[in-house]
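Student: mmCIF, C-alpha atoms and all ligand atoms, saved as work21.cif, coming up:
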```cif
data_model
loop_
_atom_site.label_atom_id
_atom_site.label_comp_id
_atom_site.auth_asym_id
_atom_site.auth_seq_id
_atom_site.Cartn_x
_atom_site.Cartn_y
_atom_site.Cartn_z
CA MET A 1 37.24 108.68 115.53
CA GLU A 2 38.32 105.16 114.62
CA THR A 3 41.84 105.04 113.22
CA TYR A 4 42.05 103.03 110.06
CA HIS A 5 45.11 101.12 108.87
CA THR A 6 44.93 103.02 105.58
CA TYR A 7 45.37 106.33 107.41
CA ASN A 8 48.39 105.10 109.38
CA GLU A 9 49.91 103.56 106.27
CA ILE A 10 49.56 106.75 104.22
CA LYS A 11 50.93 108.92 107.03
CA SER A 12 53.91 106.68 107.83
CA GLN A 13 55.05 106.16 104.26
CA THR A 14 58.04 108.48 104.13
CA GLU A 15 60.15 106.32 106.46
CA VAL A 16 59.43 103.47 104.06
CA TRP A 17 60.66 105.58 101.12
CA ALA A 18 63.95 105.85 103.02
CA GLN A 19 64.13 102.07 103.46
CA ALA A 20 63.45 101.61 99.73
CA LEU A 21 66.47 103.80 98.93
CA ASP A 22 68.64 101.85 101.39
CA VAL A 23 67.62 98.48 99.97
CA VAL A 24 68.37 99.48 96.37
CA SER A 25 71.65 101.05 97.43
CA ALA A 26 72.65 97.82 99.20
CA SER A 27 72.05 95.80 96.00
CA ARG A 28 73.60 98.30 93.61
CA PHE A 29 76.59 96.13 92.69
CA ALA A 30 74.29 93.19 91.85
CA LEU A 31 72.14 95.31 89.52
CA PRO A 32 72.56 95.01 85.77
CA LYS A 33 73.52 98.00 83.60
CA ALA A 34 71.14 99.45 81.03
CA GLY A 35 73.52 98.58 78.18
CA ASP A 36 73.31 94.85 79.06
CA TYR A 37 69.80 94.51 77.55
CA ASP A 38 67.98 95.39 74.34
CA GLN A 39 64.75 95.98 76.23
CA VAL A 40 63.29 95.97 79.72
CA ILE A 41 59.78 94.77 80.51
CA PHE A 42 58.11 95.86 83.75
CA THR A 43 55.19 93.74 84.92
CA GLY A 44 52.63 93.59 87.72
CA CYS A 45 48.86 93.48 88.27
CA GLY A 46 46.45 96.23 89.31
CA SER A 47 48.39 98.85 91.26
CA THR A 48 51.68 97.20 90.40
CA TYR A 49 50.83 97.21 86.69
CA TYR A 50 50.23 100.96 86.98
CA LEU A 51 53.54 101.22 88.79
CA SER A 52 55.08 99.35 85.85
CA LEU A 53 53.70 101.97 83.44
CA SER A 54 55.52 104.70 85.33
CA ALA A 55 58.64 102.58 85.75
CA ALA A 56 58.92 101.87 82.03
CA ALA A 57 58.64 105.60 81.28
CA ILE A 58 61.25 106.50 83.92
CA TYR A 59 63.62 103.80 82.68
CA GLN A 60 63.40 104.87 79.06
CA GLU A 61 63.69 108.56 79.94
CA LEU A 62 66.81 107.99 82.08
CA THR A 63 68.61 105.40 79.95
CA GLY A 64 67.40 106.06 76.39
CA CYS A 65 66.85 102.29 76.10
CA ALA A 66 63.55 100.62 75.19
CA ALA A 67 61.14 99.70 77.96
CA ARG A 68 57.48 98.80 78.18
CA ALA A 69 54.94 97.78 80.80
CA ILE A 70 52.76 94.70 80.49
CA PRO A 71 50.10 93.39 82.88
CA GLY A 72 51.16 90.07 84.44
CA GLY A 73 48.14 88.32 82.95
CA GLU A 74 49.08 89.47 79.44
CA LEU A 75 52.69 88.37 79.82
CA LEU A 76 51.38 84.98 80.94
CA LEU A 77 48.62 84.41 78.38
CA ASN A 78 49.73 86.52 75.38
CA SER A 79 53.53 86.55 75.66
CA GLN A 80 53.81 86.20 71.87
CA THR A 81 52.52 89.79 71.60
CA VAL A 82 55.19 91.02 74.01
CA LEU A 83 58.43 89.04 73.90
CA THR A 84 60.90 89.09 71.03
CA LYS A 85 64.27 87.44 70.42
CA GLN A 86 65.92 90.53 71.89
CA LYS A 87 67.86 90.29 75.13
CA THR A 88 65.31 91.14 77.78
CA LEU A 89 65.36 92.06 81.46
CA LEU A 90 62.08 91.43 83.27
CA VAL A 91 61.31 93.55 86.34
CA ALA A 92 58.37 92.00 88.22
CA ILE A 93 56.66 94.18 90.84
CA SER A 94 54.22 92.88 93.46
CA ARG A 95 53.34 94.02 96.99
CA SER A 96 52.48 90.48 98.13
CA GLY A 97 54.88 88.53 95.95
CA THR A 98 52.14 85.93 95.53
CA THR A 99 49.77 87.24 92.82
CA THR A 100 49.22 84.22 90.56
CA GLU A 101 49.43 86.00 87.18
CA THR A 102 52.73 87.71 88.07
CA VAL A 103 54.30 84.58 89.58
CA LYS A 104 53.26 82.35 86.66
CA ALA A 105 54.41 84.91 84.09
CA VAL A 106 57.87 85.04 85.69
CA GLU A 107 58.03 81.24 85.93
CA LYS A 108 57.22 80.97 82.22
CA PHE A 109 59.77 83.70 81.32
CA LYS A 110 62.47 81.79 83.19
CA LYS A 111 61.46 78.37 81.87
CA GLU A 112 61.72 79.71 78.31
CA LYS A 113 65.14 81.26 79.20
CA ARG A 114 64.04 84.69 77.98
CA GLY A 115 66.44 86.65 80.21
CA ASP A 116 67.17 87.87 83.74
CA VAL A 117 64.64 88.80 86.41
CA VAL A 118 64.59 91.56 89.04
CA VAL A 119 61.78 91.36 91.63
CA ILE A 120 60.55 94.33 93.68
CA SER A 121 58.21 93.44 96.55
CA ASN A 122 57.30 94.17 100.15
CA TYR A 123 57.39 90.48 101.11
CA ASP A 124 60.15 87.90 100.63
CA GLU A 125 57.74 85.43 99.07
CA VAL A 126 57.47 82.97 96.19
CA LEU A 127 58.09 85.67 93.56
CA SER A 128 61.35 86.73 95.21
CA GLN A 129 62.62 83.17 94.98
CA LEU A 130 62.46 83.44 91.19
CA ALA A 131 64.64 86.57 91.12
CA ASP A 132 68.21 87.01 89.95
CA VAL A 133 68.17 90.26 91.94
CA ASN A 134 65.71 90.50 94.82
CA ILE A 135 64.63 93.90 96.20
CA VAL A 136 62.41 93.59 99.29
CA ILE A 137 61.10 96.57 101.30
CA PRO A 138 59.49 94.99 104.38
CA LYS A 139 58.46 98.29 106.01
CA GLY A 140 56.04 98.80 103.11
CA GLN A 141 53.85 95.85 104.22
CA GLU A 142 50.20 96.72 104.87
CA GLU A 143 47.06 95.60 106.68
CA SER A 144 44.82 97.41 104.17
CA VAL A 145 43.65 95.96 100.89
CA ALA A 146 44.29 99.05 98.75
CA GLN A 147 47.96 99.80 98.20
CA THR A 148 49.21 103.17 99.48
CA ARG A 149 52.47 103.01 101.46
CA SER A 150 53.49 99.80 99.66
CA PHE A 151 52.96 101.37 96.22
CA ALA A 152 54.97 104.45 97.18
CA SER A 153 57.81 102.31 98.57
CA MET A 154 58.03 100.24 95.40
CA LEU A 155 57.85 103.40 93.25
CA VAL A 156 60.83 104.86 95.11
CA ALA A 157 62.67 101.54 94.73
CA VAL A 158 62.00 101.20 91.02
CA THR A 159 62.96 104.85 90.43
CA ALA A 160 66.25 104.24 92.26
CA LEU A 161 66.73 101.03 90.25
CA CYS A 162 66.33 103.00 86.99
CA ALA A 163 68.73 105.74 88.18
CA THR A 164 71.26 103.08 89.21
CA MET A 165 71.01 101.28 85.86
CA ALA A 166 71.45 104.65 84.14
CA GLU A 167 74.52 105.29 86.35
CA ARG A 168 73.02 108.57 87.56
CA ASP A 169 74.44 108.96 91.07
CA ASP A 170 73.35 112.61 91.02
CA LEU A 171 69.71 111.49 90.89
CA LEU A 172 70.22 108.92 93.66
CA ASP A 173 71.73 111.63 95.87
CA ALA A 174 68.82 113.98 95.13
CA MET A 175 66.29 111.25 96.05
CA ARG A 176 67.62 111.21 99.63
CA LYS A 177 65.73 114.49 100.19
CA LEU A 178 62.37 112.90 99.31
CA PRO A 179 61.31 111.69 102.81
CA GLU A 180 61.79 115.13 104.36
CA ILE A 181 59.90 116.88 101.56
CA GLY A 182 57.17 114.23 101.72
CA ASN A 183 56.72 114.88 105.46
CA GLN A 184 56.36 118.61 104.88
CA LEU A 185 53.77 118.02 102.14
CA ILE A 186 51.69 115.61 104.21
CA GLY A 187 51.81 118.04 107.15
CA SER A 188 50.84 121.11 105.18
CA CYS A 189 48.27 119.63 102.73
CA GLU A 190 46.23 117.12 104.73
CA SER A 191 43.45 119.64 105.46
CA PHE A 192 43.27 120.54 101.75
CA ALA A 193 42.96 116.83 100.84
CA LYS A 194 40.20 116.47 103.45
CA GLU A 195 38.27 119.49 102.20
CA ILE A 196 38.13 118.21 98.60
CA GLY A 197 37.70 114.56 99.62
CA GLU A 198 34.77 115.23 101.95
CA ASN A 199 32.84 117.35 99.44
CA LEU A 200 30.20 114.94 98.17
CA HIS A 201 28.88 117.57 95.77
CA TYR A 202 31.60 116.24 93.46
CA ASP A 203 30.63 112.99 91.77
CA ARG A 204 33.43 112.32 89.26
CA PHE A 205 37.20 112.60 89.35
CA TYR A 206 39.63 112.82 86.42
CA PHE A 207 43.35 112.40 86.98
CA LEU A 208 45.60 113.88 84.31
CA GLY A 209 49.24 112.85 84.04
CA SER A 210 51.64 112.51 81.10
CA GLY A 211 54.99 110.80 80.60
CA ILE A 212 56.21 109.21 83.80
CA ARG A 213 53.14 110.58 85.61
CA TYR A 214 50.53 108.66 83.56
CA GLY A 215 50.97 105.44 85.58
CA LEU A 216 50.64 107.51 88.77
CA ALA A 217 47.41 109.07 87.47
CA CYS A 218 46.13 105.51 86.85
CA GLU A 219 47.05 104.53 90.41
CA VAL A 220 45.33 107.45 92.18
CA ASN A 221 42.30 106.91 89.94
CA LEU A 222 42.27 103.32 91.23
CA LYS A 223 42.41 104.57 94.86
CA MET A 224 39.36 106.72 94.19
CA LYS A 225 37.48 103.73 92.74
CA GLU A 226 38.53 101.11 95.33
CA MET A 227 38.23 103.24 98.46
CA THR A 228 35.32 105.51 97.53
CA LEU A 229 33.26 103.79 94.79
CA THR A 230 33.38 107.03 92.80
CA HIS A 231 33.45 107.30 89.02
CA SER A 232 37.06 108.16 88.17
CA GLU A 233 39.36 107.90 85.17
CA PRO A 234 42.99 108.70 84.28
CA PHE A 235 44.07 110.43 81.07
CA HIS A 236 47.16 111.86 79.45
CA PHE A 237 46.81 115.66 79.56
CA LEU A 238 46.26 116.42 75.90
CA GLU A 239 44.03 113.36 75.43
CA PHE A 240 41.48 114.92 77.77
CA ARG A 241 40.39 117.40 75.11
CA HIS A 242 39.65 114.57 72.66
CA GLY A 243 36.28 113.55 74.08
CA PRO A 244 36.55 113.05 77.87
CA MET A 245 36.06 116.79 78.49
CA SER A 246 32.40 116.28 77.57
CA MET A 247 32.03 114.94 81.11
CA VAL A 248 33.25 118.13 82.81
CA ASN A 249 30.66 120.09 84.75
CA GLU A 250 30.40 121.66 88.21
CA ASN A 251 30.36 118.17 89.78
CA ALA A 252 33.69 117.18 88.20
CA VAL A 253 37.11 117.39 89.85
CA VAL A 254 39.99 117.53 87.37
CA ILE A 255 43.29 116.77 89.07
CA GLY A 256 46.40 117.80 87.18
CA MET A 257 49.69 116.03 87.95
CA VAL A 258 51.63 118.75 86.19
CA SER A 259 55.24 118.42 84.96
CA GLU A 260 57.95 121.06 84.81
CA SER A 261 58.91 120.20 81.23
CA ASN A 262 55.39 120.67 79.80
CA PHE A 263 54.03 123.04 82.42
CA SER A 264 52.35 125.55 80.11
CA HIS A 265 50.73 122.90 77.84
CA GLU A 266 49.33 121.03 80.83
CA LYS A 267 48.15 124.12 82.71
CA ALA A 268 46.34 125.23 79.55
CA VAL A 269 44.24 122.04 79.67
CA LEU A 270 43.39 122.67 83.33
CA ASN A 271 42.43 126.29 82.64
CA GLU A 272 40.08 125.19 79.86
CA MET A 273 38.40 122.65 82.17
CA GLN A 274 37.97 125.34 84.81
CA ALA A 275 36.22 127.51 82.21
CA LEU A 276 33.82 124.60 81.62
CA GLY A 277 32.88 124.67 85.32
CA GLY A 278 35.12 121.89 86.66
CA LYS A 279 36.94 122.07 89.99
CA ILE A 280 40.65 122.14 89.17
CA VAL A 281 43.33 120.87 91.54
CA SER A 282 46.94 121.09 90.41
CA PHE A 283 50.06 119.38 91.72
CA ALA A 284 53.51 120.49 90.55
CA GLU A 285 56.94 121.62 91.64
CA SER A 286 55.71 125.25 91.84
CA ASP A 287 52.80 127.65 91.17
CA SER A 288 50.10 125.09 91.91
CA ASP A 289 47.49 124.20 94.56
CA VAL A 290 50.01 121.72 95.92
CA SER A 291 53.58 122.86 95.19
CA PHE A 292 56.41 120.50 96.10
CA LYS A 293 59.21 123.09 96.13
CA SER A 294 61.59 120.12 96.16
CA GLN A 295 64.37 121.32 93.87
CA ILE A 296 64.84 117.66 92.89
CA PRO A 297 64.97 116.67 89.18
CA GLU A 298 61.43 115.82 88.08
CA GLN A 299 62.33 112.37 86.73
CA VAL A 300 62.79 111.09 90.30
CA TYR A 301 60.23 112.94 92.46
CA GLY A 302 57.08 111.17 91.16
CA VAL A 303 56.28 109.79 94.61
CA LEU A 304 55.52 113.34 95.83
CA TYR A 305 52.27 113.36 93.81
CA LEU A 306 50.87 110.44 95.81
CA PRO A 307 50.28 111.05 99.56
CA VAL A 308 47.92 114.04 99.30
CA LEU A 309 45.81 112.26 96.67
CA GLN A 310 45.76 109.05 98.74
CA LEU A 311 44.51 111.15 101.69
CA MET A 312 41.84 112.70 99.45
CA ALA A 313 40.51 109.21 98.64
CA TYR A 314 40.73 108.22 102.31
CA TYR A 315 38.64 111.20 103.48
CA ARG A 316 36.09 110.67 100.71
CA SER A 317 35.75 107.05 101.75
CA LEU A 318 34.94 108.14 105.32
CA ALA A 319 32.52 110.85 104.11
CA LYS A 320 30.64 108.19 102.12
CA GLY A 321 30.39 105.94 105.19
CA LEU A 322 32.71 103.30 103.70
CA ASN A 323 35.56 101.38 105.29
CA PRO A 324 38.75 102.54 103.52
CA ASP A 325 40.60 99.42 104.72
CA ARG A 326 38.16 97.03 103.08
CA PRO A 327 37.16 98.08 99.54
CA THR A 328 34.01 96.49 98.14
CA ASN A 329 34.49 93.10 96.42
CA LEU A 330 38.31 93.18 96.75
CA THR A 331 40.89 90.96 98.39
CA ALA A 332 44.50 91.99 99.01
CA VAL A 333 45.81 89.37 96.59
CA VAL A 334 44.22 87.69 93.59
CA LYS A 335 45.08 83.98 93.61
CA LEU A 336 43.92 81.89 90.67
CA ASN A 337 43.89 78.18 90.09
CA ILE A 338 45.79 78.14 86.79
C1 LIG B 1 48.11 93.35 92.99
C2 LIG B 1 46.64 93.73 93.23
C3 LIG B 1 46.48 94.93 94.10
C4 LIG B 1 45.05 95.34 94.31
C5 LIG B 1 44.10 94.20 94.59
C6 LIG B 1 44.49 92.90 94.02
O1 LIG B 1 48.73 92.80 94.08
O2 LIG B 1 46.08 93.97 91.98
O3 LIG B 1 47.12 96.02 93.51
O4 LIG B 1 44.97 96.31 95.33
O5 LIG B 1 43.75 94.10 95.93
O6 LIG B 1 45.93 92.70 93.84
P1 LIG B 1 50.29 92.58 94.21
O7 LIG B 1 50.72 91.60 93.16
O8 LIG B 1 50.97 93.90 94.04
O9 LIG B 1 50.44 92.01 95.59
#
```
Please re-express this file's structure in structure tokens.
Tutor:
Amino acid sequence: METYHTYNEIKSQTEVWAQALDVVSASRFALPKAGDYDQVIFTGCGSTYYLSLSAAAIYQELTGCAARAIPGGELLLNSQTVLTKQKTLLVAISRSGTTTETVKAVEKFKKEKRGDVVVISNYDEVLSQLADVNIVIPKGQEESVAQTRSFASMLVAVTALCATMAERDDLLDAMRKLPEIGNQLIGSCESFAKEIGENLHYDRFYFLGSGIRYGLACEVNLKMKEMTLTHSEPFHFLEFRHGPMSMVNENAVVIGMVSESNFSHEKAVLNEMQALGGKIVSFAESDSDVSFKSQIPEQVYGVLYLPVLQLMAYYRSLAKGLNPDRPTNLTAVVKLNI
């Protein structure tokens, strides 16, 4: 069987999580403190916008300070709907460091002297040169178009950034266990991911995630679209009852990225969708189809939801005769002449 870059990148990601932790730790004294700003804006495009959604939720949960996520294109073209006179920190996230919307949005933010900029990337590129604090994780670089290892590396980095800004050394210490737990998960759950991914009886995938997990649900939904050309959508758990559940039948897979804090509310949604005939797949710390058993605080183990779902998309791509490394109509970076 041909080995695709995507497969190698998914399988090798845990060593890159470790590098992400090292890089953030090395810059910890340069990082601002949460109390230095009235608000933090996280920005990116595509995958890195979805990463921003999770990052903003993690930041606000850990610090109690206001944060929001904005697509790079919106920050560039509609900044009046986003920026205020408040003291703002902008965290720009980009695998390539060259996506036009993100670069131009940061240039504009700096030109207008709106505040300080942290950049998280896998390449030391043009975006990094605009940063007051530059976090680069080179081991996350990829040959594939769809982000897998890179996304995970930047998620670990941004989670560590939030924990550092919140002065939560306990969380940073706990995160050191992530690579080992990730390896165990990938080893024990790959065949499960393959079994669901290869089953072409399923024709629609719904990814449910709330709080810090919503951005991750968006990201794995994007993997399913890009790599497998399958109808897929992300939802907050309780939102799924408000209309989307009309789409559930025996061809639907409903994937629950279940939290510890709202476990019973979220499992109740999954149980109802099972009763409607859907195939339910649950991910959580315990008592689920994929159980992390990490004993790490849930605010910082979000990356554990990713590898098995990335593998599911990979195997579905192969089963559909597609090339997972080269999604239809996509390029690795969107460069615009603006
Ligand atoms: C952002 C991005 C990718 C996506 C696509 C186009 O890139 O949207 O997430 O997979 O191929 O570009 P980046 O700014 O994170 O490099």
Student: Could you tell me which of A:Ala57, A:Leu83, A:Met227, A:Leu75 comes closest to A:Val300 if we count only C-alpha atoms?
Tutor: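 Smallest distance to A:Val300 is found for A:Ala57.
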Student: Which residues come within 6 Å of stretch 93-110 of chain A, counting all atoms listed in the file, excluding same-chain residues fewer than 3 positions away, as a PDB file with C-alpha atoms, in the frame of the given file?
Tutor:
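Below you can see part_0.pdb, which holds the result:
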```pdb
ATOM      1  CA  GLY A  44      52.630  93.590  87.720  1.00  0.00           C
ATOM      2  CA  THR A  48      51.680  97.200  90.400  1.00  0.00           C
ATOM      3  CA  GLY A  72      51.160  90.070  84.440  1.00  0.00           C
ATOM      4  CA  GLY A  73      48.140  88.320  82.950  1.00  0.00           C
ATOM      5  CA  LEU A  75      52.690  88.370  79.820  1.00  0.00           C
ATOM      6  CA  LEU A  76      51.380  84.980  80.940  1.00  0.00           C
ATOM      7  CA  LYS A 113      65.140  81.260  79.200  1.00  0.00           C
ATOM      8  CA  ARG A 114      64.040  84.690  77.980  1.00  0.00           C
ATOM      9  CA  VAL A 119      61.780  91.360  91.630  1.00  0.00           C
ATOM     10  CA  ILE A 120      60.550  94.330  93.680  1.00  0.00           C
ATOM     11  CA  SER A 121      58.210  93.440  96.550  1.00  0.00           C
ATOM     12  CA  ASN A 122      57.300  94.170 100.150  1.00  0.00           C
ATOM     13  CA  TYR A 123      57.390  90.480 101.110  1.00  0.00           C
ATOM     14  CA  GLU A 125      57.740  85.430  99.070  1.00  0.00           C
ATOM     15  CA  LEU A 127      58.090  85.670  93.560  1.00  0.00           C
ATOM     16  CA  VAL A 333      45.810  89.370  96.590  1.00  0.00           C
ATOM     17  CA  VAL A 334      44.220  87.690  93.590  1.00  0.00           C
ATOM     18  CA  LYS A 335      45.080  83.980  93.610  1.00  0.00           C
ATOM     19  CA  LEU A 336      43.920  81.890  90.670  1.00  0.00           C
TER      20      LEU A 336
END
```
Student: Write out as a list in words each polymer residue whose atoms come within 6 Å of A:Asn221, counting only C-alpha atoms; drop sequence neighbours fewer than 4 positions from it.
Tutor: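 Everything that qualifies: Ser232, Glu233 and Pro234 of chain A.
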Student: Could you dump the residues just selected with C-alpha atoms as a tab-separated table (two decimals), in the frame of the given file?
Tutor:
```
chain	number	residue	atom	x	y	z
A	232	SER	CA	37.06	108.16	88.17
A	233	GLU	CA	39.36	107.90	85.17
A	234	PRO	CA	42.99	108.70	84.28
```
Student: Rank A:Met165, A:Ala20, A:Glu260, A:Asn78 by their smallest atom-to-atom distance to A:Cys65, using all atoms listed in the file, and report the top residue only.
Tutor: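 Nearest to A:Cys65: A:Met165.
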Student: Do you know which residues are at most 8 Å from A:Asp116 counting all atoms listed in the file, after dropping those on the same chain fewer than 4 positions away, and could you put them as a compact mmCIF listing (two decimals) with C-alpha atoms, in the coordinates of the input?
Tutor:
```
# COMPACT_ATOMS: atom_id res chain seq x y z
CA THR A 88 65.31 91.14 77.78
CA LEU A 89 65.36 92.06 81.46
CA LEU A 90 62.08 91.43 83.27
CA LYS A 110 62.47 81.79 83.19
CA ALA A 131 64.64 86.57 91.12
CA ASP A 132 68.21 87.01 89.95
```
Student: Find, counting all atoms listed in the file, the residue in A:Gly321, A:Gly64, A:Gly256, A:Pro327 that gets nearest to A:Leu216.
Tutor: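 Closest candidate: A:Gly256.
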Student: If you measure from atom CA of A:Gly182 to atom CA of A:Ser128, what distance in Å do you get, rounded to one decimal?
Tutor: 28.6 Å
Student: For each of A:Val253, A:Leu222, A:Ile135, A:Ala146, take the minimum atom-to-atom distance to ligand LIG 1 (chain B), counting only C-alpha atoms and all ligand atoms, then give the residue where this is smallest.
Tutor: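 Using only C-alpha atoms and all ligand atoms, the shortest distance to ligand LIG 1 (chain B) belongs to A:Ala146.
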Student: So, counting all atoms listed in the file, which residue among A:Ala217, A:Val156, A:Ile137, A:Ile70 is closest to A:Leu171?
Tutor: A:Val156
Student: Here is a test: counting all atoms listed in the file, which residue of A:Val23, A:Ala252, A:Leu62, A:Ala193 is nearest to A:Met154?
Tutor: A:Val23
Student: Identify the residues around (38.5, 102.3, 94.8) within a radius of 12 Å, measuring from only C-alpha atoms in the coordinates stated by the file, and give them as a VMD selection string.
Tutor: chain A and resid 46 to 47 145 to 148 205 218 to 233 310 312 to 314 316 to 317 322 to 330
Student: Just to confirm, what's the straight-line distance from atom CA of A:Asn134 to atom CA of A:Ser27 in Å (one decimal)?
Tutor: 8.3 Å
Student: Could you tell me how far atom CA of A:Glu74 lies from atom CA of A:Tyr301, in Å and to one decimal?
Tutor: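 Pair atom CA of A:Glu74 / atom CA of A:Tyr301 returns 29.1 Å.
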Student: Skip A:Glu239 itself and residues of its chain fewer than 5 positions away, then list as a ChimeraX atom specification all residues within 10 Å of it, counting only C-alpha atoms.
Tutor: /A:208,210,244-245,269
Student: Residues at most 9 Å from A:Thr159, counting all atoms listed in the file, excluding those fewer than 3 positions away in the same chain, as a PyMOL selection string?
Tutor: chain A and resi 55+58-59+154-156+162-164+172+299-302
